[in-house]
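Structure data (mmCIF, N, CA and C atoms and all ligand atoms) from work_17.cif:
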data_work
loop_
_atom_site.label_atom_id
_atom_site.label_comp_id
_atom_site.auth_asym_id
_atom_site.auth_seq_id
_atom_site.Cartn_x
_atom_site.Cartn_y
_atom_site.Cartn_z
N VAL A 4 93.31 -73.74 -140.07
CA VAL A 4 94.18 -73.41 -141.21
C VAL A 4 95.60 -73.79 -140.83
N SER A 5 96.22 -74.63 -141.59
CA SER A 5 97.54 -75.11 -141.25
C SER A 5 98.63 -74.30 -141.96
N GLY A 6 99.78 -74.20 -141.29
CA GLY A 6 100.93 -73.56 -141.91
C GLY A 6 100.90 -72.04 -141.89
N THR A 7 99.96 -71.47 -141.20
CA THR A 7 99.90 -70.02 -141.13
C THR A 7 100.51 -69.55 -139.82
N THR A 8 100.93 -68.31 -139.78
CA THR A 8 101.48 -67.75 -138.57
C THR A 8 100.35 -67.42 -137.61
N TYR A 9 100.40 -68.03 -136.44
CA TYR A 9 99.35 -67.82 -135.46
C TYR A 9 99.78 -66.73 -134.48
N LEU A 10 99.02 -65.67 -134.41
CA LEU A 10 99.29 -64.61 -133.45
C LEU A 10 98.21 -64.68 -132.39
N LYS A 11 98.62 -64.70 -131.15
CA LYS A 11 97.62 -64.58 -130.11
C LYS A 11 96.87 -63.28 -130.34
N PRO A 12 95.57 -63.24 -130.03
CA PRO A 12 94.82 -62.00 -130.26
C PRO A 12 95.30 -60.85 -129.37
N LEU A 13 96.28 -61.10 -128.52
CA LEU A 13 96.79 -60.04 -127.65
C LEU A 13 97.61 -59.01 -128.41
N TYR A 14 98.19 -59.43 -129.53
CA TYR A 14 99.04 -58.50 -130.27
C TYR A 14 99.07 -58.88 -131.74
N ALA A 15 99.50 -57.95 -132.56
CA ALA A 15 99.50 -58.18 -134.01
C ALA A 15 100.57 -57.31 -134.64
N LYS A 16 100.89 -57.65 -135.87
CA LYS A 16 101.80 -56.78 -136.61
C LYS A 16 101.04 -55.60 -137.17
N GLU A 17 101.66 -54.45 -137.10
CA GLU A 17 101.07 -53.25 -137.68
C GLU A 17 100.99 -53.43 -139.18
N GLU A 18 99.78 -53.32 -139.76
CA GLU A 18 99.63 -53.60 -141.18
C GLU A 18 100.41 -52.64 -142.06
N THR A 19 100.48 -51.38 -141.63
CA THR A 19 101.15 -50.39 -142.47
C THR A 19 102.65 -50.36 -142.24
N ALA A 20 103.12 -51.00 -141.16
CA ALA A 20 104.55 -51.02 -140.85
C ALA A 20 104.89 -52.37 -140.24
N PRO A 21 105.22 -53.36 -141.07
CA PRO A 21 105.37 -54.75 -140.61
C PRO A 21 106.41 -54.95 -139.51
N ASP A 22 107.34 -54.02 -139.34
CA ASP A 22 108.32 -54.16 -138.26
C ASP A 22 107.75 -53.75 -136.90
N GLU A 23 106.63 -53.07 -136.92
CA GLU A 23 106.05 -52.58 -135.67
C GLU A 23 104.98 -53.54 -135.19
N VAL A 24 104.96 -53.78 -133.87
CA VAL A 24 103.97 -54.66 -133.27
C VAL A 24 103.00 -53.79 -132.48
N VAL A 25 101.72 -54.08 -132.61
CA VAL A 25 100.72 -53.37 -131.81
C VAL A 25 100.10 -54.34 -130.81
N LEU A 26 99.76 -53.82 -129.64
CA LEU A 26 99.20 -54.64 -128.58
C LEU A 26 97.71 -54.32 -128.44
N HIS A 27 96.91 -55.37 -128.28
CA HIS A 27 95.47 -55.17 -128.16
C HIS A 27 95.12 -54.85 -126.72
N GLY A 28 95.19 -53.58 -126.40
CA GLY A 28 94.85 -53.11 -125.07
C GLY A 28 93.47 -52.49 -125.07
N GLY A 29 93.23 -51.70 -124.03
CA GLY A 29 91.93 -51.05 -123.93
C GLY A 29 92.07 -49.69 -123.27
N ILE A 30 91.00 -48.91 -123.36
CA ILE A 30 90.99 -47.62 -122.71
C ILE A 30 89.61 -47.41 -122.07
N CYS A 31 89.64 -46.81 -120.89
CA CYS A 31 88.41 -46.52 -120.15
C CYS A 31 87.95 -45.10 -120.49
N SER A 32 86.67 -44.84 -120.29
CA SER A 32 86.18 -43.48 -120.55
C SER A 32 86.82 -42.46 -119.61
N CYS A 33 87.46 -42.92 -118.51
CA CYS A 33 88.17 -41.99 -117.62
C CYS A 33 89.55 -41.64 -118.16
N GLY A 34 89.99 -42.33 -119.21
CA GLY A 34 91.28 -42.04 -119.81
C GLY A 34 92.37 -43.03 -119.47
N HIS A 35 92.10 -43.94 -118.53
CA HIS A 35 93.10 -44.94 -118.14
C HIS A 35 93.21 -46.01 -119.23
N SER A 36 94.44 -46.27 -119.70
CA SER A 36 94.62 -47.33 -120.68
C SER A 36 95.29 -48.53 -120.02
N PHE A 37 95.06 -49.70 -120.59
CA PHE A 37 95.50 -50.94 -119.94
C PHE A 37 95.76 -52.00 -120.99
N PHE A 38 96.46 -53.07 -120.56
CA PHE A 38 96.75 -54.21 -121.42
C PHE A 38 96.77 -55.46 -120.55
N PRO A 39 96.19 -56.57 -120.98
CA PRO A 39 95.42 -56.72 -122.22
C PRO A 39 94.01 -56.15 -122.08
N MET A 40 93.28 -56.14 -123.21
CA MET A 40 91.90 -55.69 -123.21
C MET A 40 91.06 -56.56 -122.29
N GLN A 41 90.22 -55.95 -121.47
CA GLN A 41 89.24 -56.67 -120.65
C GLN A 41 88.10 -55.71 -120.38
N ALA A 42 86.94 -56.26 -120.01
CA ALA A 42 85.77 -55.42 -119.76
C ALA A 42 85.22 -55.62 -118.35
N TYR A 43 86.04 -56.22 -117.46
CA TYR A 43 85.55 -56.52 -116.12
C TYR A 43 85.51 -55.28 -115.23
N GLY A 44 86.49 -54.41 -115.41
CA GLY A 44 86.49 -53.22 -114.58
C GLY A 44 87.77 -52.43 -114.73
N CYS A 45 87.65 -51.11 -114.65
CA CYS A 45 88.82 -50.23 -114.75
C CYS A 45 89.55 -50.22 -113.42
N GLU A 46 90.89 -50.37 -113.47
CA GLU A 46 91.69 -50.36 -112.25
C GLU A 46 91.70 -48.99 -111.59
N MET A 47 91.40 -47.95 -112.37
CA MET A 47 91.47 -46.60 -111.82
C MET A 47 90.13 -46.15 -111.23
N CYS A 48 89.02 -46.37 -111.99
CA CYS A 48 87.74 -45.79 -111.56
C CYS A 48 86.66 -46.83 -111.33
N GLY A 49 86.91 -48.09 -111.68
CA GLY A 49 85.95 -49.14 -111.38
C GLY A 49 84.83 -49.33 -112.38
N GLN A 50 84.77 -48.47 -113.40
CA GLN A 50 83.72 -48.66 -114.41
C GLN A 50 83.93 -49.98 -115.15
N SER A 51 82.83 -50.54 -115.66
CA SER A 51 82.93 -51.79 -116.42
C SER A 51 82.08 -51.68 -117.68
N GLY A 52 82.06 -52.79 -118.43
CA GLY A 52 81.21 -52.85 -119.62
C GLY A 52 81.62 -51.86 -120.69
N GLU A 53 80.66 -51.10 -121.18
CA GLU A 53 80.89 -50.25 -122.35
C GLU A 53 81.82 -49.07 -122.08
N ALA A 54 82.11 -48.79 -120.81
CA ALA A 54 83.08 -47.74 -120.51
C ALA A 54 84.48 -48.14 -120.96
N LEU A 55 84.66 -49.45 -121.15
CA LEU A 55 85.98 -49.97 -121.52
C LEU A 55 85.95 -50.38 -122.99
N GLN A 56 86.80 -49.77 -123.78
CA GLN A 56 86.80 -50.02 -125.22
C GLN A 56 88.18 -50.49 -125.68
N PRO A 57 88.22 -51.35 -126.71
CA PRO A 57 89.52 -51.80 -127.22
C PRO A 57 90.33 -50.63 -127.77
N LYS A 58 91.63 -50.72 -127.56
CA LYS A 58 92.52 -49.70 -128.10
C LYS A 58 93.83 -50.37 -128.50
N LEU A 59 94.30 -50.07 -129.71
CA LEU A 59 95.59 -50.60 -130.13
C LEU A 59 96.69 -49.74 -129.54
N LEU A 60 97.64 -50.40 -128.88
CA LEU A 60 98.75 -49.70 -128.24
C LEU A 60 100.03 -49.95 -129.02
N ARG A 61 100.76 -48.88 -129.27
CA ARG A 61 102.01 -49.00 -130.00
C ARG A 61 103.03 -49.78 -129.16
N GLY A 62 103.74 -50.68 -129.80
CA GLY A 62 104.70 -51.52 -129.09
C GLY A 62 106.03 -50.84 -128.83
N ARG A 63 105.97 -49.66 -128.28
CA ARG A 63 107.17 -48.88 -127.96
C ARG A 63 107.08 -48.39 -126.53
N GLY A 64 108.22 -48.36 -125.85
CA GLY A 64 108.20 -47.87 -124.49
C GLY A 64 109.59 -47.79 -123.91
N ARG A 65 109.65 -47.63 -122.59
CA ARG A 65 110.93 -47.54 -121.91
C ARG A 65 111.03 -48.62 -120.84
N LEU A 66 112.24 -49.13 -120.68
CA LEU A 66 112.48 -50.20 -119.71
C LEU A 66 112.32 -49.66 -118.30
N VAL A 67 111.50 -50.36 -117.50
CA VAL A 67 111.34 -50.01 -116.09
C VAL A 67 112.33 -50.82 -115.26
N ALA A 68 112.38 -52.12 -115.52
CA ALA A 68 113.25 -53.01 -114.74
C ALA A 68 113.52 -54.27 -115.55
N SER A 69 114.62 -54.94 -115.23
CA SER A 69 114.91 -56.21 -115.89
C SER A 69 115.60 -57.13 -114.91
N ALA A 70 115.52 -58.43 -115.16
CA ALA A 70 116.18 -59.42 -114.31
C ALA A 70 116.64 -60.57 -115.19
N VAL A 71 117.91 -60.91 -115.09
CA VAL A 71 118.44 -62.04 -115.84
C VAL A 71 118.24 -63.31 -115.03
N VAL A 72 117.62 -64.31 -115.65
CA VAL A 72 117.35 -65.59 -114.98
C VAL A 72 118.39 -66.60 -115.45
N HIS A 73 119.14 -67.16 -114.47
CA HIS A 73 120.20 -68.12 -114.80
C HIS A 73 119.82 -69.56 -114.51
N ILE A 74 118.84 -69.76 -113.61
CA ILE A 74 118.41 -71.11 -113.26
C ILE A 74 116.89 -71.13 -113.33
N HIS A 75 116.33 -72.11 -114.07
CA HIS A 75 114.88 -72.20 -114.18
C HIS A 75 114.48 -73.66 -114.08
N PRO A 76 113.42 -73.97 -113.29
CA PRO A 76 113.05 -75.38 -113.09
C PRO A 76 112.58 -76.08 -114.37
N ASP A 77 112.08 -75.31 -115.34
CA ASP A 77 111.59 -75.90 -116.58
C ASP A 77 112.76 -76.05 -117.56
N LYS A 78 113.19 -77.32 -117.75
CA LYS A 78 114.38 -77.56 -118.58
C LYS A 78 114.15 -77.22 -120.05
N SER A 79 112.87 -77.12 -120.44
CA SER A 79 112.59 -76.79 -121.84
C SER A 79 112.79 -75.30 -122.10
N ARG A 80 113.08 -74.57 -121.04
CA ARG A 80 113.27 -73.13 -121.19
C ARG A 80 114.74 -72.81 -121.01
N PRO A 81 115.46 -72.62 -122.12
CA PRO A 81 116.91 -72.44 -121.99
C PRO A 81 117.27 -71.16 -121.24
N VAL A 82 118.24 -71.28 -120.33
CA VAL A 82 118.75 -70.12 -119.62
C VAL A 82 120.08 -69.74 -120.23
N PRO A 83 120.60 -68.52 -120.04
CA PRO A 83 119.90 -67.45 -119.33
C PRO A 83 118.89 -66.74 -120.24
N PHE A 84 117.88 -66.15 -119.60
CA PHE A 84 116.98 -65.26 -120.31
C PHE A 84 116.69 -64.06 -119.42
N THR A 85 116.14 -63.04 -120.01
CA THR A 85 115.95 -61.78 -119.27
C THR A 85 114.49 -61.40 -119.25
N ILE A 86 113.96 -61.21 -118.04
CA ILE A 86 112.59 -60.72 -117.88
C ILE A 86 112.65 -59.19 -117.89
N VAL A 87 111.78 -58.59 -118.68
CA VAL A 87 111.77 -57.12 -118.74
C VAL A 87 110.38 -56.59 -118.43
N GLU A 88 110.37 -55.43 -117.81
CA GLU A 88 109.13 -54.72 -117.55
C GLU A 88 109.23 -53.42 -118.33
N VAL A 89 108.31 -53.22 -119.27
CA VAL A 89 108.38 -52.07 -120.17
C VAL A 89 107.13 -51.22 -120.00
N ALA A 90 107.34 -49.94 -119.73
CA ALA A 90 106.23 -48.99 -119.66
C ALA A 90 105.97 -48.47 -121.06
N LEU A 91 104.85 -48.86 -121.63
CA LEU A 91 104.51 -48.43 -122.99
C LEU A 91 104.30 -46.92 -123.03
N GLU A 92 104.60 -46.35 -124.19
CA GLU A 92 104.40 -44.91 -124.38
C GLU A 92 102.97 -44.51 -124.03
N GLN A 93 102.02 -45.41 -124.30
CA GLN A 93 100.61 -45.08 -124.11
C GLN A 93 100.07 -45.54 -122.76
N GLY A 94 100.96 -45.86 -121.82
CA GLY A 94 100.50 -46.06 -120.46
C GLY A 94 100.82 -47.37 -119.80
N PRO A 95 100.21 -48.48 -120.25
CA PRO A 95 100.33 -49.72 -119.48
C PRO A 95 101.78 -50.23 -119.42
N THR A 96 102.06 -50.97 -118.36
CA THR A 96 103.35 -51.64 -118.22
C THR A 96 103.16 -53.12 -118.54
N VAL A 97 104.06 -53.65 -119.37
CA VAL A 97 103.98 -55.02 -119.84
C VAL A 97 105.21 -55.77 -119.35
N ARG A 98 104.98 -56.98 -118.83
CA ARG A 98 106.11 -57.81 -118.41
C ARG A 98 106.21 -59.00 -119.34
N THR A 99 107.39 -59.17 -119.95
CA THR A 99 107.61 -60.32 -120.82
C THR A 99 109.11 -60.57 -120.85
N LEU A 100 109.58 -61.27 -121.88
CA LEU A 100 111.00 -61.58 -121.98
C LEU A 100 111.69 -60.69 -123.00
N LEU A 101 112.96 -60.52 -122.79
CA LEU A 101 113.79 -59.86 -123.77
C LEU A 101 114.09 -60.86 -124.88
N ALA A 102 114.05 -60.39 -126.12
CA ALA A 102 114.30 -61.30 -127.25
C ALA A 102 115.75 -61.73 -127.33
N GLU A 103 116.64 -60.98 -126.69
CA GLU A 103 118.08 -61.19 -126.89
C GLU A 103 118.74 -62.00 -125.77
N GLY A 104 118.03 -62.89 -125.11
CA GLY A 104 118.65 -63.75 -124.11
C GLY A 104 119.10 -62.98 -122.89
N ALA A 105 120.41 -62.98 -122.64
CA ALA A 105 120.91 -62.43 -121.39
C ALA A 105 121.42 -61.00 -121.52
N ALA A 106 121.03 -60.29 -122.53
CA ALA A 106 121.43 -58.89 -122.61
C ALA A 106 120.86 -58.15 -121.41
N ASP A 107 121.47 -57.06 -121.06
CA ASP A 107 121.09 -56.36 -119.83
C ASP A 107 120.90 -54.88 -120.09
N PRO A 108 119.78 -54.50 -120.73
CA PRO A 108 119.55 -53.09 -120.99
C PRO A 108 119.33 -52.33 -119.69
N LYS A 109 119.60 -51.05 -119.73
CA LYS A 109 119.50 -50.24 -118.52
C LYS A 109 118.10 -49.63 -118.38
N PRO A 110 117.63 -49.47 -117.14
CA PRO A 110 116.33 -48.81 -116.94
C PRO A 110 116.29 -47.48 -117.68
N GLY A 111 115.19 -47.21 -118.33
CA GLY A 111 115.06 -45.99 -119.12
C GLY A 111 115.36 -46.18 -120.58
N ALA A 112 115.97 -47.34 -120.93
CA ALA A 112 116.30 -47.61 -122.33
C ALA A 112 115.03 -47.70 -123.17
N GLN A 113 115.12 -47.21 -124.39
CA GLN A 113 113.99 -47.34 -125.30
C GLN A 113 113.87 -48.78 -125.77
N MET A 114 112.63 -49.28 -125.75
CA MET A 114 112.38 -50.68 -126.10
C MET A 114 111.32 -50.75 -127.19
N ARG A 115 111.42 -51.83 -127.98
CA ARG A 115 110.49 -52.03 -129.09
C ARG A 115 109.96 -53.46 -129.01
N ALA A 116 108.64 -53.61 -129.18
CA ALA A 116 108.03 -54.94 -129.17
C ALA A 116 108.36 -55.66 -130.46
N THR A 117 108.51 -56.98 -130.36
CA THR A 117 108.73 -57.80 -131.53
C THR A 117 108.04 -59.14 -131.30
N LEU A 118 107.79 -59.87 -132.35
CA LEU A 118 107.16 -61.19 -132.22
C LEU A 118 108.18 -62.24 -132.62
N VAL A 119 108.40 -63.22 -131.75
CA VAL A 119 109.38 -64.26 -132.04
C VAL A 119 108.71 -65.62 -132.09
N HIS A 120 109.27 -66.48 -132.94
CA HIS A 120 108.78 -67.85 -133.05
C HIS A 120 109.12 -68.59 -131.76
N VAL A 121 108.13 -69.22 -131.13
CA VAL A 121 108.42 -70.01 -129.94
C VAL A 121 108.30 -71.52 -130.19
N ARG A 122 107.37 -71.92 -131.05
CA ARG A 122 107.26 -73.35 -131.37
C ARG A 122 106.32 -73.50 -132.56
N THR A 123 106.25 -74.72 -133.07
CA THR A 123 105.30 -75.04 -134.13
C THR A 123 104.32 -76.05 -133.57
N ASN A 124 103.04 -75.83 -133.74
CA ASN A 124 102.07 -76.74 -133.12
C ASN A 124 101.84 -77.98 -133.98
N ASP A 125 100.94 -78.86 -133.53
CA ASP A 125 100.71 -80.16 -134.14
C ASP A 125 100.32 -80.09 -135.61
N VAL A 126 99.65 -79.01 -136.01
CA VAL A 126 99.20 -78.92 -137.40
C VAL A 126 100.09 -77.99 -138.22
N GLY A 127 101.26 -77.66 -137.68
CA GLY A 127 102.22 -76.92 -138.47
C GLY A 127 102.12 -75.41 -138.38
N ASP A 128 101.26 -74.92 -137.47
CA ASP A 128 101.17 -73.47 -137.32
C ASP A 128 102.36 -72.95 -136.52
N GLU A 129 102.87 -71.83 -136.96
CA GLU A 129 103.94 -71.19 -136.22
C GLU A 129 103.35 -70.41 -135.06
N ILE A 130 103.81 -70.71 -133.85
CA ILE A 130 103.32 -70.00 -132.66
C ILE A 130 104.35 -68.92 -132.32
N VAL A 131 103.88 -67.70 -132.19
CA VAL A 131 104.79 -66.62 -131.86
C VAL A 131 104.37 -66.00 -130.54
N ASP A 132 105.31 -65.32 -129.91
CA ASP A 132 105.00 -64.67 -128.64
C ASP A 132 105.66 -63.30 -128.60
N LEU A 133 105.15 -62.48 -127.71
CA LEU A 133 105.64 -61.11 -127.59
C LEU A 133 106.97 -61.07 -126.84
N ARG A 134 107.91 -60.34 -127.39
CA ARG A 134 109.19 -60.08 -126.73
C ARG A 134 109.52 -58.62 -126.93
N PHE A 135 110.55 -58.16 -126.20
CA PHE A 135 111.03 -56.80 -126.45
C PHE A 135 112.50 -56.85 -126.84
N VAL A 136 112.89 -55.89 -127.64
CA VAL A 136 114.29 -55.70 -127.99
C VAL A 136 114.65 -54.25 -127.66
N SER A 137 115.94 -54.01 -127.45
CA SER A 137 116.39 -52.65 -127.24
C SER A 137 116.23 -51.87 -128.54
N ALA A 138 115.70 -50.67 -128.42
CA ALA A 138 115.53 -49.82 -129.60
C ALA A 138 116.49 -48.65 -129.57
N GLU A 139 117.52 -48.76 -128.71
CA GLU A 139 118.52 -47.70 -128.63
C GLU A 139 119.35 -47.72 -129.92
N PRO A 140 119.80 -46.56 -130.35
CA PRO A 140 120.71 -46.53 -131.49
C PRO A 140 121.95 -47.38 -131.20
N ALA A 141 122.38 -48.18 -132.17
CA ALA A 141 123.50 -49.08 -131.94
C ALA A 141 124.75 -48.28 -131.59
N ALA A 142 125.30 -48.55 -130.40
CA ALA A 142 126.54 -47.89 -130.01
C ALA A 142 127.63 -48.93 -130.05
N SER A 143 127.91 -49.56 -128.91
CA SER A 143 128.82 -50.69 -128.94
C SER A 143 128.03 -51.92 -128.55
N GLY A 144 128.58 -53.09 -128.77
CA GLY A 144 127.84 -54.30 -128.45
C GLY A 144 127.06 -54.77 -129.64
N TYR A 145 125.76 -54.46 -129.68
CA TYR A 145 124.99 -54.93 -130.81
C TYR A 145 124.34 -53.81 -131.57
ZN ZN B 1 88.38 -45.76 -115.67
#
Write-out of the structure in structure tokens:
Amino acid sequence: VSGTTYLKPLYAKEETAPDEVVLHGGICSCGHSFFPMQAYGCEMCGQSGEALQPKLLRGRGRLVASAVVHIHPDKSRPVPFTIVEVALEQGPTVRTLLAEGAADPKPGAQMRATLVHVRTNDVGDEIVDLRFVSAEPAASGY
């Protein structure tokens, strides 16, 4: 299908709240949740197969750590950009990029998942990827 927005099956927009992004994670019968979904084995208890079930995870969490990258060998990747590690409210920690380039949120800051356009493929599909933005109430700056 050409011209449609392509979302990796790892995440999707929340149907009832289009501004919210949900992540396709999983949960083990022991209670451990993880991202992305997989059925190979639980990192906590080692169970596999049917013990591991898909679970939608809310794209909200708190910043664990961030690093601003100023030099990158891939020239197609404009610098600076910021790598963030976000601990989701529902457990798993996700590492991806900050949507806002070189902004420098502080550890503990509330973060919100968002989907950004990264490129358009050969048949015109919009390719999007997961990013995080600060979800702190606007004070100064932005
Ligand atoms: Zn488990």
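Distance annotation: of A:Leu55, A:Cys48, A:Val89, A:Ala102, the residue with the minimal separation from ligand ZN 1 (chain B) is A:Cys48; atom set is only C-alpha atoms and all ligand atoms.
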### Query
Taking all atoms listed in the file into account, which of A:Pro95, A:Pro81, A:Gly127, A:Pro108 comes nearest Leu66 (chain A)?
A:Pro108
### Query
How many Å lie between CA of Ile74 (chain A) and CA of Gly104 (chain A), rounded to one decimal?
13.1 Å
Mind listing the residues within 6.5 Å of ligand ZN 1 (chain B), all atoms listed in the file counted, as an mmCIF file with N, CA and C atoms, keeping the file's coordinate frame?
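Just written: pocket.cif:
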data_model
loop_
_atom_site.group_PDB
_atom_site.id
_atom_site.type_symbol
_atom_site.label_atom_id
_atom_site.label_comp_id
_atom_site.auth_asym_id
_atom_site.auth_seq_id
_atom_site.Cartn_x
_atom_site.Cartn_y
_atom_site.Cartn_z
ATOM 1 N N CYS A 31 89.640 -46.810 -120.890
ATOM 2 C CA CYS A 31 88.410 -46.520 -120.150
ATOM 3 C C CYS A 31 87.950 -45.100 -120.490
ATOM 4 N N SER A 32 86.670 -44.840 -120.290
ATOM 5 C CA SER A 32 86.180 -43.480 -120.550
ATOM 6 C C SER A 32 86.820 -42.460 -119.610
ATOM 7 N N CYS A 33 87.460 -42.920 -118.510
ATOM 8 C CA CYS A 33 88.170 -41.990 -117.620
ATOM 9 C C CYS A 33 89.550 -41.640 -118.160
ATOM 10 N N GLY A 34 89.990 -42.330 -119.210
ATOM 11 C CA GLY A 34 91.280 -42.040 -119.810
ATOM 12 C C GLY A 34 92.370 -43.030 -119.470
ATOM 13 N N HIS A 35 92.100 -43.940 -118.530
ATOM 14 C CA HIS A 35 93.100 -44.940 -118.140
ATOM 15 C C HIS A 35 93.210 -46.010 -119.230
ATOM 16 N N CYS A 45 87.650 -51.110 -114.650
ATOM 17 C CA CYS A 45 88.820 -50.230 -114.750
ATOM 18 C C CYS A 45 89.550 -50.220 -113.420
ATOM 19 N N GLU A 46 90.890 -50.370 -113.470
ATOM 20 C CA GLU A 46 91.690 -50.360 -112.250
ATOM 21 C C GLU A 46 91.700 -48.990 -111.590
ATOM 22 N N MET A 47 91.400 -47.950 -112.370
ATOM 23 C CA MET A 47 91.470 -46.600 -111.820
ATOM 24 C C MET A 47 90.130 -46.150 -111.230
ATOM 25 N N CYS A 48 89.020 -46.370 -111.990
ATOM 26 C CA CYS A 48 87.740 -45.790 -111.560
ATOM 27 C C CYS A 48 86.660 -46.830 -111.330
ATOM 28 N N GLY A 49 86.910 -48.090 -111.680
ATOM 29 C CA GLY A 49 85.950 -49.140 -111.380
ATOM 30 C C GLY A 49 84.830 -49.330 -112.380
ATOM 31 N N GLN A 50 84.770 -48.470 -113.400
ATOM 32 C CA GLN A 50 83.720 -48.660 -114.410
ATOM 33 C C GLN A 50 83.930 -49.980 -115.150
#
### Query
What is the distance between atom C of Pro83 (chain A) and atom N of Glu23 (chain A), in Å to one decimal?
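Interatomic distance here is 24.8 Å.
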